[in-house]
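Student: Coordinates in input.cif, mmCIF, C-alpha atoms and all ligand atoms, are listed below.
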data_work
#
loop_
_atom_site.label_atom_id
_atom_site.label_comp_id
_atom_site.auth_asym_id
_atom_site.auth_seq_id
_atom_site.Cartn_x
_atom_site.Cartn_y
_atom_site.Cartn_z
CA MET F 219 -4.07 29.59 -7.07
CA SER F 220 -1.23 27.24 -7.89
CA GLU F 221 -1.87 23.52 -7.42
CA THR F 222 1.58 23.21 -5.95
CA ALA F 223 2.10 23.77 -2.24
CA VAL F 224 5.87 23.37 -2.40
CA SER F 225 8.08 23.63 -5.45
CA ILE F 226 11.80 22.96 -5.08
CA HIS F 227 14.41 23.70 -7.76
CA SER F 228 18.07 22.62 -7.57
CA LEU F 229 18.14 23.40 -3.85
CA SER F 230 21.53 22.91 -2.21
CA ARG F 231 23.04 23.66 1.17
CA SER F 232 26.39 22.69 2.67
CA PHE F 233 27.79 22.85 6.18
CA SER F 234 31.57 23.26 6.41
CA GLY F 235 31.94 22.20 2.80
CA LYS F 236 29.82 19.06 3.24
CA ARG F 237 26.61 18.90 1.20
CA ALA F 238 23.60 18.39 3.49
CA VAL F 239 21.11 18.98 0.67
CA ASN F 240 22.22 18.42 -2.90
CA SER F 241 20.30 19.77 -5.92
CA LEU F 242 16.89 18.80 -4.63
CA GLU F 243 14.12 19.06 -7.18
CA PHE F 244 10.49 18.12 -6.57
CA ASP F 245 6.95 19.48 -6.15
CA ILE F 246 4.27 18.72 -3.57
CA GLN F 247 0.64 19.07 -4.56
CA ARG F 248 -1.82 20.99 -2.41
CA GLY F 249 -4.08 18.86 -0.23
CA SER F 250 -1.69 15.93 -0.15
CA VAL F 251 0.39 14.26 2.54
CA PHE F 252 4.05 14.10 1.61
CA GLY F 253 6.41 11.83 3.54
CA PHE F 254 10.13 12.53 3.49
CA LEU F 255 12.09 9.37 4.27
CA GLY F 256 15.77 8.80 4.72
CA PRO F 257 18.37 7.63 7.22
CA ASN F 258 19.75 9.84 10.00
CA GLY F 259 21.64 12.78 8.61
CA ALA F 260 20.16 12.42 5.11
CA GLY F 261 19.06 16.07 4.93
CA LYS F 262 15.36 15.98 5.82
CA THR F 263 15.39 18.56 8.61
CA THR F 264 17.75 20.80 6.67
CA THR F 265 15.28 20.77 3.77
CA ILE F 266 12.43 21.82 6.06
CA ARG F 267 14.56 24.57 7.59
CA LEU F 268 15.41 25.81 4.09
CA LEU F 269 11.73 25.80 3.11
CA LEU F 270 10.83 27.81 6.21
CA GLY F 271 13.59 30.31 5.52
CA LEU F 272 15.36 29.41 8.77
CA LEU F 273 18.45 28.63 6.70
CA ALA F 274 19.59 30.20 3.44
CA PRO F 275 20.37 27.94 0.48
CA ASP F 276 23.81 28.06 -1.15
CA SER F 277 22.14 27.71 -4.53
CA GLY F 278 18.81 26.89 -6.08
CA ASN F 279 15.44 28.10 -4.92
CA ALA F 280 11.99 27.02 -3.81
CA THR F 281 8.54 28.41 -3.32
CA VAL F 282 6.17 27.53 -0.48
CA LEU F 283 2.50 28.44 -1.01
CA GLY F 284 3.73 30.53 -3.92
CA HIS F 285 6.23 32.51 -1.79
CA ASP F 286 9.92 32.62 -2.47
CA ILE F 287 11.97 31.06 0.36
CA ILE F 288 14.71 33.67 0.05
CA ASN F 289 12.76 36.92 -0.15
CA GLU F 290 9.42 36.04 1.38
CA SER F 291 10.23 33.63 4.17
CA HIS F 292 8.40 35.80 6.73
CA LEU F 293 5.18 35.19 4.76
CA ILE F 294 5.92 31.46 4.65
CA ARG F 295 6.41 31.27 8.41
CA GLU F 296 3.25 33.29 8.95
CA LYS F 297 1.11 31.11 6.69
CA THR F 298 2.40 27.67 7.58
CA GLY F 299 2.45 25.63 10.77
CA ALA F 300 5.51 23.73 11.91
CA LEU F 301 6.45 21.16 14.48
CA LEU F 302 10.21 20.85 14.47
CA GLU F 303 12.63 19.34 16.95
CA HIS F 304 11.32 21.31 19.92
CA ASN F 305 7.59 21.20 20.46
CA GLY F 306 7.40 24.85 21.50
CA LEU F 307 5.06 24.11 24.40
CA TYR F 308 5.25 25.84 27.76
CA GLU F 309 5.26 23.08 30.36
CA ARG F 310 4.15 25.18 33.33
CA ILE F 311 0.89 26.45 31.91
CA SER F 312 -2.25 24.51 31.06
CA VAL F 313 -3.03 22.86 27.75
CA GLN F 314 -5.67 25.50 27.04
CA ALA F 315 -3.35 28.35 28.02
CA ASN F 316 -0.71 27.09 25.58
CA LEU F 317 -3.16 27.16 22.72
CA ASP F 318 -4.58 30.49 23.83
CA LEU F 319 -1.11 32.02 23.95
CA TYR F 320 -0.33 30.93 20.40
CA GLY F 321 -3.77 32.04 19.24
CA ARG F 322 -2.99 35.52 20.52
CA ILE F 323 0.44 35.50 18.88
CA TYR F 324 -1.34 34.77 15.59
CA HIS F 325 -3.82 37.59 16.34
CA LEU F 326 -6.88 35.37 16.29
CA GLU F 327 -9.98 37.29 17.45
CA ASP F 328 -11.44 36.19 20.81
CA ARG F 329 -14.43 34.31 19.42
CA GLU F 330 -12.48 32.65 16.63
CA ARG F 331 -9.66 31.72 19.00
CA HIS F 332 -12.05 30.20 21.50
CA ASP F 333 -13.89 28.17 18.84
CA ARG F 334 -10.73 27.00 17.15
CA ILE F 335 -9.16 25.88 20.43
CA GLU F 336 -12.31 24.03 21.41
CA GLY F 337 -12.46 22.33 18.00
CA LEU F 338 -8.81 21.28 18.08
CA LEU F 339 -8.98 20.00 21.67
CA GLU F 340 -11.90 17.85 20.62
CA ARG F 341 -10.27 16.64 17.44
CA PHE F 342 -7.11 15.64 19.29
CA ASP F 343 -9.05 14.11 22.16
CA LEU F 344 -7.62 16.59 24.66
CA THR F 345 -10.80 18.28 25.89
CA GLU F 346 -10.62 16.58 29.27
CA LYS F 347 -7.01 17.69 29.68
CA ALA F 348 -7.65 21.34 28.81
CA LYS F 349 -7.10 22.62 32.35
CA GLU F 350 -4.16 20.35 33.18
CA ARG F 351 -0.60 21.55 33.37
CA THR F 352 1.11 20.77 30.07
CA GLY F 353 4.14 19.32 31.87
CA SER F 354 1.93 16.61 33.37
CA LEU F 355 0.80 15.24 29.99
CA SER F 356 2.12 12.01 28.54
CA ARG F 357 4.50 12.24 25.59
CA GLY F 358 1.77 11.25 23.15
CA MET F 359 -0.61 13.90 24.51
CA LYS F 360 2.09 16.56 24.34
CA GLN F 361 2.77 15.61 20.76
CA LYS F 362 -0.91 15.88 19.88
CA LEU F 363 -1.03 19.26 21.60
CA ALA F 364 2.02 20.41 19.66
CA VAL F 365 0.40 19.42 16.36
CA ALA F 366 -2.81 21.18 17.43
CA ARG F 367 -0.70 24.24 18.22
CA ALA F 368 0.82 24.17 14.75
CA LEU F 369 -2.69 24.06 13.26
CA LEU F 370 -4.21 26.83 15.34
CA HIS F 371 -4.14 29.61 12.74
CA ARG F 372 -5.59 27.30 10.06
CA PRO F 373 -2.41 27.11 7.98
CA PRO F 374 -2.96 25.51 4.57
CA LEU F 375 0.39 23.71 4.95
CA ILE F 376 2.11 22.18 7.98
CA PHE F 377 5.62 20.79 8.38
CA LEU F 378 5.95 17.99 10.91
CA ASP F 379 9.44 16.70 11.65
CA GLU F 380 9.02 13.12 12.89
CA PRO F 381 5.61 13.74 14.48
CA THR F 382 5.23 10.20 15.82
CA ALA F 383 8.83 9.62 16.99
CA GLY F 384 8.86 8.07 20.44
CA LEU F 385 5.11 7.49 20.57
CA ASP F 386 3.63 4.09 21.31
CA PRO F 387 1.73 2.35 18.48
CA VAL F 388 -1.69 3.44 19.77
CA ALA F 389 -0.72 7.09 20.13
CA SER F 390 1.02 7.04 16.71
CA SER F 391 -1.99 5.53 15.07
CA GLN F 392 -4.34 8.10 16.68
CA LEU F 393 -2.15 10.95 15.50
CA ARG F 394 -2.00 9.54 11.97
CA ASN F 395 -5.77 9.17 11.85
CA THR F 396 -6.27 12.73 13.04
CA LEU F 397 -3.86 14.02 10.42
CA ARG F 398 -5.61 12.11 7.63
CA ASP F 399 -8.90 13.47 8.92
CA LEU F 400 -7.59 17.01 8.83
CA VAL F 401 -6.41 16.61 5.28
CA ALA F 402 -9.84 15.32 4.30
CA THR F 403 -11.88 17.95 6.15
CA GLU F 404 -9.67 21.04 6.00
CA GLY F 405 -7.83 20.29 2.77
CA ILE F 406 -4.45 21.08 4.28
CA THR F 407 -1.13 19.90 2.88
CA VAL F 408 1.16 17.96 5.23
CA PHE F 409 4.93 17.73 4.79
CA LEU F 410 6.24 15.21 7.30
CA THR F 411 9.45 13.38 7.90
CA THR F 412 9.42 9.89 9.29
CA HIS F 413 11.55 6.82 9.86
CA ASN F 414 8.44 4.71 10.04
CA LEU F 415 7.85 3.01 6.68
CA MET F 416 4.43 1.73 7.65
CA GLU F 417 3.46 5.26 8.54
CA ALA F 418 4.59 6.51 5.15
CA GLU F 419 2.63 3.78 3.44
CA GLN F 420 -0.50 4.42 5.51
CA ILE F 421 -0.90 8.16 5.36
CA CYS F 422 1.25 9.57 2.58
CA ASP F 423 0.03 10.25 -0.94
CA THR F 424 3.59 10.79 -2.07
CA VAL F 425 6.93 9.87 -0.57
CA GLY F 426 10.41 11.11 -1.31
CA VAL F 427 13.50 9.17 -0.28
CA ILE F 428 16.61 11.20 0.44
CA ARG F 429 20.11 9.84 0.96
CA LYS F 430 23.22 11.95 1.55
CA GLY F 431 21.30 15.05 0.54
CA GLU F 432 20.09 13.64 -2.77
CA LEU F 433 16.59 12.64 -3.71
CA ILE F 434 16.86 9.02 -4.81
CA ALA F 435 13.17 8.18 -5.21
CA PHE F 436 9.88 10.03 -5.46
CA GLY F 437 6.31 8.85 -6.04
CA PRO F 438 3.30 7.18 -4.45
CA PRO F 439 4.19 4.75 -1.64
CA SER F 440 2.04 1.96 -3.07
CA THR F 441 4.56 1.33 -5.79
CA LEU F 442 7.26 0.74 -3.19
CA THR F 443 5.66 -2.61 -2.55
CA SER F 444 5.33 -3.41 -6.24
CA SER F 445 5.74 -6.97 -7.36
CA LYS F 446 9.22 -8.28 -7.69
CA ASP F 447 9.94 -8.77 -11.34
CA ASN F 448 8.66 -12.17 -12.33
CA ILE F 449 9.50 -14.08 -9.17
CA TYR F 450 7.02 -16.74 -8.05
CA LEU F 451 6.97 -18.79 -4.90
CA VAL F 452 5.73 -22.33 -5.45
CA ARG F 453 4.63 -24.32 -2.40
CA GLY F 454 4.18 -28.06 -2.58
CA SER F 455 6.08 -31.32 -2.27
CA GLY F 456 8.22 -33.71 -4.29
CA PHE F 457 10.56 -31.04 -5.72
CA SER F 458 13.34 -33.50 -6.61
CA GLU F 459 16.78 -32.51 -7.86
CA ASN F 460 15.80 -33.95 -11.20
CA ILE F 461 12.69 -31.76 -11.51
CA LEU F 462 14.63 -28.66 -10.48
CA SER F 463 17.41 -29.21 -13.01
CA ASN F 464 14.83 -29.83 -15.76
CA LEU F 465 13.08 -26.58 -14.83
CA ASN F 466 16.38 -24.73 -14.88
CA MET F 467 16.88 -25.78 -18.48
CA LEU F 468 13.59 -24.24 -19.68
CA PRO F 469 14.14 -21.04 -21.69
CA MET F 470 11.28 -19.22 -19.91
CA ILE F 471 12.99 -19.69 -16.54
CA SER F 472 16.08 -17.70 -15.60
CA ASP F 473 16.62 -19.34 -12.22
CA VAL F 474 15.12 -21.77 -9.73
CA THR F 475 16.09 -21.53 -6.08
CA ILE F 476 15.10 -23.82 -3.22
CA GLU F 477 13.71 -22.13 -0.17
CA ASP F 478 13.19 -25.43 1.73
CA SER F 479 11.82 -28.90 0.93
CA SER F 480 8.31 -27.51 0.35
CA HIS F 481 9.08 -24.12 -1.25
CA ILE F 482 10.87 -23.17 -4.45
CA ASN F 483 11.33 -19.76 -6.06
CA ILE F 484 11.02 -19.52 -9.82
CA HIS F 485 12.42 -16.52 -11.64
CA LEU F 486 10.81 -16.16 -15.05
CA THR F 487 12.44 -14.47 -18.00
CA ALA F 488 10.57 -11.42 -19.28
CA ASP F 489 7.01 -11.75 -20.63
CA ASN F 490 6.47 -15.35 -19.56
CA THR F 491 3.68 -16.76 -17.44
CA MET F 492 3.59 -19.52 -14.85
CA ALA F 493 0.78 -21.65 -16.38
CA PRO F 494 2.97 -23.87 -18.65
CA ILE F 495 5.54 -24.21 -15.86
CA VAL F 496 2.92 -25.33 -13.35
CA ARG F 497 1.80 -28.00 -15.88
CA LYS F 498 5.38 -29.20 -16.30
CA ILE F 499 5.97 -29.46 -12.56
CA ILE F 500 2.80 -31.52 -12.10
CA GLU F 501 3.62 -33.76 -15.10
CA SER F 502 7.02 -34.41 -13.51
CA GLY F 503 5.27 -35.87 -10.47
CA ALA F 504 5.53 -33.06 -7.91
CA GLU F 505 2.51 -31.69 -6.05
CA ILE F 506 1.63 -27.98 -6.03
CA GLU F 507 -0.45 -26.42 -3.28
CA GLU F 508 0.11 -22.74 -3.99
CA VAL F 509 1.72 -20.44 -6.55
CA ARG F 510 2.24 -16.85 -5.39
CA LYS F 511 3.85 -13.84 -7.04
CA GLU F 512 6.42 -12.45 -4.65
CA THR F 513 6.19 -8.83 -3.52
CA ASN F 514 8.77 -6.63 -1.92
CA SER F 515 8.04 -5.61 1.61
CA LEU F 516 8.24 -1.86 2.04
CA GLU F 517 11.31 -2.37 4.19
CA ASP F 518 13.01 -4.51 1.50
CA SER F 519 12.41 -1.79 -1.09
CA PHE F 520 13.58 0.98 1.18
CA LEU F 521 16.76 -0.81 2.19
CA ALA F 522 17.47 -1.76 -1.42
CA LEU F 523 17.01 1.86 -2.44
CA LEU F 524 19.35 3.15 0.22
CA LYS F 525 21.93 0.56 -0.75
CA ASP F 526 21.77 0.94 -4.50
CA GLY F 527 20.23 4.39 -4.92
CA SER F 528 22.30 6.55 -7.17
CA SER F 529 21.90 10.17 -8.06
CA ASP F 530 19.68 9.00 -10.94
CA ARG F 531 16.35 9.46 -9.30
CA SER F 532 14.16 6.38 -9.39
CA GLN F 533 10.44 6.82 -9.82
CA LEU F 534 8.78 4.72 -7.18
P1 LIG P 1 17.65 12.80 11.21
O1 LIG P 1 16.77 11.74 10.61
O2 LIG P 1 18.72 12.22 12.06
O3 LIG P 1 16.88 13.90 11.88
P2 LIG P 1 18.05 14.44 8.83
O4 LIG P 1 17.76 13.68 7.59
O5 LIG P 1 16.99 15.36 9.32
O6 LIG P 1 18.48 13.44 9.98
P3 LIG P 1 19.75 16.76 8.80
O7 LIG P 1 19.52 17.14 10.23
O8 LIG P 1 19.11 17.58 7.76
O9 LIG P 1 19.40 15.22 8.56
O10 LIG P 1 21.33 16.77 8.58
C1 LIG P 1 21.93 16.60 7.31
C2 LIG P 1 23.43 16.79 7.44
O11 LIG P 1 23.73 18.16 7.71
C3 LIG P 1 24.06 15.99 8.59
O12 LIG P 1 25.33 15.55 8.16
C4 LIG P 1 24.19 17.01 9.70
O13 LIG P 1 25.25 16.70 10.54
C5 LIG P 1 24.44 18.29 8.91
N1 LIG P 1 23.94 19.49 9.60
C6 LIG P 1 22.64 19.80 9.79
N2 LIG P 1 22.52 20.98 10.43
C7 LIG P 1 23.78 21.43 10.66
C8 LIG P 1 24.34 22.60 11.27
N3 LIG P 1 23.57 23.56 11.77
N4 LIG P 1 25.68 22.71 11.30
C9 LIG P 1 26.50 21.76 10.77
N5 LIG P 1 26.03 20.63 10.17
C10 LIG P 1 24.70 20.47 10.13
#
Just dump the structure as structure tokens.
Ligand code: ATP

Tutor:
Amino acid sequence: MSETAVSIHSLSRSFSGKRAVNSLEFDIQRGSVFGFLGPNGAGKTTTIRLLLGLLAPDSGNATVLGHDIINESHLIREKTGALLEHNGLYERISVQANLDLYGRIYHLEDRERHDRIEGLLERFDLTEKAKERTGSLSRGMKQKLAVARALLHRPPLIFLDEPTAGLDPVASSQLRNTLRDLVATEGITVFLTTHNLMEAEQICDTVGVIRKGELIAFGPPSTLTSSKDNIYLVRGSGFSENILSNLNMLPMISDVTIEDSSHINIHLTADNTMAPIVRKIIESGAEIEEVRKETNSLEDSFLALLKDGSSDRSQL
């Protein structure tokens, strides 16, 4: 069996002559959580719809669980679970009845259906709500039920379009934990879209950033918060104009900026270290309390990417 759950090659799709997805090219490994990030209208949902065969590409191709999205999309829809814009739940029937209905649609045998529903209700903390009318559930509970519904037939891959949108932090966190748990225990692959950078950082093994239909970054989220190149924050006192201009003249420093009277930022030139600079600052009479390498916040990196990202894909 291929190690790749999703494999996308030069996939493009336009609407009225405007490219919604432009030459996408990437793979997602089985058993991983992939997070698709990008601003509104970037092409995330269109990509999922293409992968599910709900839309035809103009050019390019992709396989999902080894099946071609053009000729075998019925197999893809059968074998995957999806939570798209509409949660697909029937509000007037009970939580249990919703799951039972979908279990029957997927032809799960009675015993298997019963056990699976019980297991999912427990996993999503919905056992006590089983008999309640779905319409009476809170938004967070409905969302959990919708994810449970997508998982009913034990699909090896699920697509979740903004699964935590509109949920409060507690409900979002619970849903994320359950998803991570499922990946660990059932080995499923998750393809999710999100606007929540912290979410991407917390649960995704790989993230892809899309802008105007083009993939502008792809890789593990940890590297999004990588250290800023050679920028150090120095906290202390006595940073006089004289000391700063002397520092600025050192060849190993490309720039010194003042944050406030007790903080300066030192930008080193390549391959230099802070130790000799710290000595010089102290010899000049200033006091140092802390020296810290600056890191990008995830948000900084994301915004910088969206601003500067070109069609040359950056590796995160
Ligand atoms: P969001 O984060 O807001 O959900 P998205 O990244 O999922 O956005 P898409 O919904 O894929 O973005 O839309 C990408 C582009 O394609 C947008 O410009 C959108 O207006 C356009 N588009 C998507 N579906 C259609 C359609 N059925 N008909 C015409 N244009 C469409």

Student: Any idea what's packed within 9 Å of Arg398 of chain F, counting all atoms listed in the file, ignoring anything in its chain fewer than 6 positions away? Could you give it as a tab-separated table (two decimals) with C-alpha atoms, in the frame of the given file?

Tutor:
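Okay, this is what ended up in around14.tsv:
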chain	number	residue	atom	x	y	z
F	251	VAL	CA	0.39	14.26	2.54
F	421	ILE	CA	-0.90	8.16	5.36
F	422	CYS	CA	1.25	9.57	2.58

Student: For a quick check of understanding, using only C-alpha atoms, which of F:Ile434, F:Leu302, F:Leu283, F:Leu307 has the smallest distance to Pro381 of chain F?

Tutor: F:Leu302

Student: For segment 284-288 of chain F, please output as JSON, numbers by chain all residues within 12 Å (counting all atoms listed in the file; exclusion window: fewer than 3 positions along the same chain).

Tutor: {"F": [219, 220, 221, 222, 223, 224, 225, 226, 227, 229, 245, 246, 247, 248, 265, 266, 267, 268, 269, 270, 271, 272, 273, 274, 275, 276, 277, 278, 279, 280, 281, 291, 292, 293, 294, 295, 296, 297, 298, 374, 375]}

Student: What residues have any atom no more than 9 Å from ligand LIG 1 (chain P) when counting all atoms listed in the file, and can you list them as an mmCIF file with C-alpha atoms, keeping the file's coordinate frame?

Tutor:
data_model
loop_
_atom_site.group_PDB
_atom_site.id
_atom_site.type_symbol
_atom_site.label_atom_id
_atom_site.label_comp_id
_atom_site.auth_asym_id
_atom_site.auth_seq_id
_atom_site.Cartn_x
_atom_site.Cartn_y
_atom_site.Cartn_z
ATOM 1 C CA ARG F 231 23.040 23.660 1.170
ATOM 2 C CA SER F 232 26.390 22.690 2.670
ATOM 3 C CA PHE F 233 27.790 22.850 6.180
ATOM 4 C CA SER F 234 31.570 23.260 6.410
ATOM 5 C CA LYS F 236 29.820 19.060 3.240
ATOM 6 C CA ARG F 237 26.610 18.900 1.200
ATOM 7 C CA ALA F 238 23.600 18.390 3.490
ATOM 8 C CA VAL F 239 21.110 18.980 0.670
ATOM 9 C CA PHE F 254 10.130 12.530 3.490
ATOM 10 C CA LEU F 255 12.090 9.370 4.270
ATOM 11 C CA GLY F 256 15.770 8.800 4.720
ATOM 12 C CA PRO F 257 18.370 7.630 7.220
ATOM 13 C CA ASN F 258 19.750 9.840 10.000
ATOM 14 C CA GLY F 259 21.640 12.780 8.610
ATOM 15 C CA ALA F 260 20.160 12.420 5.110
ATOM 16 C CA GLY F 261 19.060 16.070 4.930
ATOM 17 C CA LYS F 262 15.360 15.980 5.820
ATOM 18 C CA THR F 263 15.390 18.560 8.610
ATOM 19 C CA THR F 264 17.750 20.800 6.670
ATOM 20 C CA THR F 265 15.280 20.770 3.770
ATOM 21 C CA ILE F 266 12.430 21.820 6.060
ATOM 22 C CA ARG F 267 14.560 24.570 7.590
ATOM 23 C CA LEU F 273 18.450 28.630 6.700
ATOM 24 C CA GLU F 303 12.630 19.340 16.950
ATOM 25 C CA ASP F 379 9.440 16.700 11.650
ATOM 26 C CA GLU F 380 9.020 13.120 12.890
ATOM 27 C CA THR F 411 9.450 13.380 7.900
ATOM 28 C CA THR F 412 9.420 9.890 9.290
ATOM 29 C CA HIS F 413 11.550 6.820 9.860
ATOM 30 C CA ILE F 428 16.610 11.200 0.440
ATOM 31 C CA ARG F 429 20.110 9.840 0.960
ATOM 32 C CA LYS F 430 23.220 11.950 1.550
ATOM 33 C CA GLY F 431 21.300 15.050 0.540
#

Student: Between atom CA of Ala364 of chain F and atom CA of Asn305 of chain F, what is the distance in Å, rounded to a tenth?

Tutor: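 It comes out at 5.7 Å.
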
Student: Pick out the residues sitting within 12 Å of Glu330 of chain F, and hand them over as a list in words; count only C-alpha atoms, and ignore anything fewer than 4 positions along from it in its own chain.

Tutor: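 Once the adjacent positions are removed, what remains is Asp318, Gly321, Arg322, Tyr324, His325, Leu326, Arg334, Ile335, Glu336, Gly337, Leu370, His371 and Arg372 of chain F.
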
Student: Here is a test: counting all atoms listed in the file, which residue of F:Val313, F:Leu378, F:Ala348, F:Leu433 is nearest to Ser230 of chain F?

Tutor: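 Between F:Val313, F:Leu378, F:Ala348, F:Leu433, the residue approaching Ser230 of chain F most closely is F:Leu433.
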
Student: How far is it from atom CA of Glu477 of chain F to atom CA of Leu451 of chain F, in Å with one decimal?

Tutor: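 Distance reported for this atom pair: 8.9 Å.
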
Student: What is the atom CA of Ser241 of chain F to atom CA of Leu301 of chain F distance in Å?

Tutor: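 Rounded to one decimal, the two atoms are 24.7 Å apart.
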
Student: Could you check which residues have any atom within 12 Å of (3.6, 7.1, 16.0), counting all atoms listed in the file with coordinates taken straight from the file, and then list them as number ranges by chain?

Tutor: F: 357-359, 361-362, 380-397, 411-418, 420-421

Student: Dump C-alpha atoms for the selected residues as a tab-separated table (two decimals), keeping the file's coordinate frame?

Tutor:
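Just written: again_7.tsv:
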chain	number	residue	atom	x	y	z
F	357	ARG	CA	4.50	12.24	25.59
F	358	GLY	CA	1.77	11.25	23.15
F	359	MET	CA	-0.61	13.90	24.51
F	361	GLN	CA	2.77	15.61	20.76
F	362	LYS	CA	-0.91	15.88	19.88
F	380	GLU	CA	9.02	13.12	12.89
F	381	PRO	CA	5.61	13.74	14.48
F	382	THR	CA	5.23	10.20	15.82
F	383	ALA	CA	8.83	9.62	16.99
F	384	GLY	CA	8.86	8.07	20.44
F	385	LEU	CA	5.11	7.49	20.57
F	386	ASP	CA	3.63	4.09	21.31
F	387	PRO	CA	1.73	2.35	18.48
F	388	VAL	CA	-1.69	3.44	19.77
F	389	ALA	CA	-0.72	7.09	20.13
F	390	SER	CA	1.02	7.04	16.71
F	391	SER	CA	-1.99	5.53	15.07
F	392	GLN	CA	-4.34	8.10	16.68
F	393	LEU	CA	-2.15	10.95	15.50
F	394	ARG	CA	-2.00	9.54	11.97
F	395	ASN	CA	-5.77	9.17	11.85
F	396	THR	CA	-6.27	12.73	13.04
F	397	LEU	CA	-3.86	14.02	10.42
F	411	THR	CA	9.45	13.38	7.90
F	412	THR	CA	9.42	9.89	9.29
F	413	HIS	CA	11.55	6.82	9.86
F	414	ASN	CA	8.44	4.71	10.04
F	415	LEU	CA	7.85	3.01	6.68
F	416	MET	CA	4.43	1.73	7.65
F	417	GLU	CA	3.46	5.26	8.54
F	418	ALA	CA	4.59	6.51	5.15
F	420	GLN	CA	-0.50	4.42	5.51
F	421	ILE	CA	-0.90	8.16	5.36

Student: Would you please work out which residue, of F:Lys498, F:Arg310, F:Lys511, F:His485, is nearest to Arg351 of chain F when using all atoms listed in the file?

Tutor: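 The closest residue to Arg351 of chain F is F:Arg310.
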
Student: Given all atoms listed in the file as the basis, pick out the residue of F:Val427, F:Leu369, F:Asn448, F:Arg329 nearest to Ala522 of chain F.

Tutor: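 Among F:Val427, F:Leu369, F:Asn448, F:Arg329, it is F:Val427 that comes nearest to Ala522 of chain F.
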
Student: In terms of the shortest atom-to-atom distance over only C-alpha atoms, which of F:Lys349, F:Arg341, F:Arg510, F:Arg497 is closest to Gln314 of chain F?

Tutor: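 Under the stated criterion, the closest residue is F:Lys349.
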
Student: Could you add whatever atoms are missing so that segment 369-380 of chain F carries N, CA, C and O atoms, then write the result as an mmCIF file, in the coordinates of the input?

Tutor:
data_model
loop_
_atom_site.group_PDB
_atom_site.id
_atom_site.type_symbol
_atom_site.label_atom_id
_atom_site.label_comp_id
_atom_site.auth_asym_id
_atom_site.auth_seq_id
_atom_site.Cartn_x
_atom_site.Cartn_y
_atom_site.Cartn_z
ATOM 1 N N LEU F 369 -1.531 23.923 14.147
ATOM 2 C CA LEU F 369 -2.690 24.060 13.260
ATOM 3 C C LEU F 369 -3.614 25.221 13.629
ATOM 4 O O LEU F 369 -4.586 25.501 12.927
ATOM 5 N N LEU F 370 -3.290 25.863 14.736
ATOM 6 C CA LEU F 370 -4.210 26.830 15.340
ATOM 7 C C LEU F 370 -4.681 27.922 14.371
ATOM 8 O O LEU F 370 -5.862 28.248 14.308
ATOM 9 N N HIS F 371 -3.786 28.480 13.606
ATOM 10 C CA HIS F 371 -4.140 29.610 12.740
ATOM 11 C C HIS F 371 -4.610 29.158 11.360
ATOM 12 O O HIS F 371 -4.557 29.902 10.414
ATOM 13 N N ARG F 372 -5.068 27.911 11.293
ATOM 14 C CA ARG F 372 -5.590 27.300 10.060
ATOM 15 C C ARG F 372 -4.606 27.434 8.904
ATOM 16 O O ARG F 372 -4.961 27.910 7.812
ATOM 17 N N PRO F 373 -3.359 27.015 9.091
ATOM 18 C CA PRO F 373 -2.410 27.110 7.980
ATOM 19 C C PRO F 373 -2.788 26.100 6.887
ATOM 20 O O PRO F 373 -3.211 24.982 7.218
ATOM 21 N N PRO F 374 -2.648 26.471 5.628
ATOM 22 C CA PRO F 374 -2.960 25.510 4.570
ATOM 23 C C PRO F 374 -1.876 24.432 4.413
ATOM 24 O O PRO F 374 -2.071 23.450 3.709
ATOM 25 N N LEU F 375 -0.722 24.659 5.061
ATOM 26 C CA LEU F 375 0.390 23.710 4.950
ATOM 27 C C LEU F 375 1.076 23.579 6.310
ATOM 28 O O LEU F 375 1.366 24.586 6.954
ATOM 29 N N ILE F 376 1.324 22.327 6.750
ATOM 30 C CA ILE F 376 2.110 22.180 7.980
ATOM 31 C C ILE F 376 3.303 21.258 7.731
ATOM 32 O O ILE F 376 3.228 20.300 6.961
ATOM 33 N N PHE F 377 4.398 21.598 8.405
ATOM 34 C CA PHE F 377 5.620 20.790 8.380
ATOM 35 C C PHE F 377 5.709 20.063 9.719
ATOM 36 O O PHE F 377 5.641 20.703 10.777
ATOM 37 N N LEU F 378 5.845 18.767 9.675
ATOM 38 C CA LEU F 378 5.950 17.990 10.910
ATOM 39 C C LEU F 378 7.205 17.129 10.827
ATOM 40 O O LEU F 378 7.292 16.226 9.994
ATOM 41 N N ASP F 379 8.179 17.455 11.676
ATOM 42 C CA ASP F 379 9.440 16.700 11.650
ATOM 43 C C ASP F 379 9.305 15.538 12.632
ATOM 44 O O ASP F 379 9.278 15.744 13.847
ATOM 45 N N GLU F 380 9.192 14.354 12.104
ATOM 46 C CA GLU F 380 9.020 13.120 12.890
ATOM 47 C C GLU F 380 7.925 13.252 13.951
ATOM 48 O O GLU F 380 8.191 13.108 15.149
#
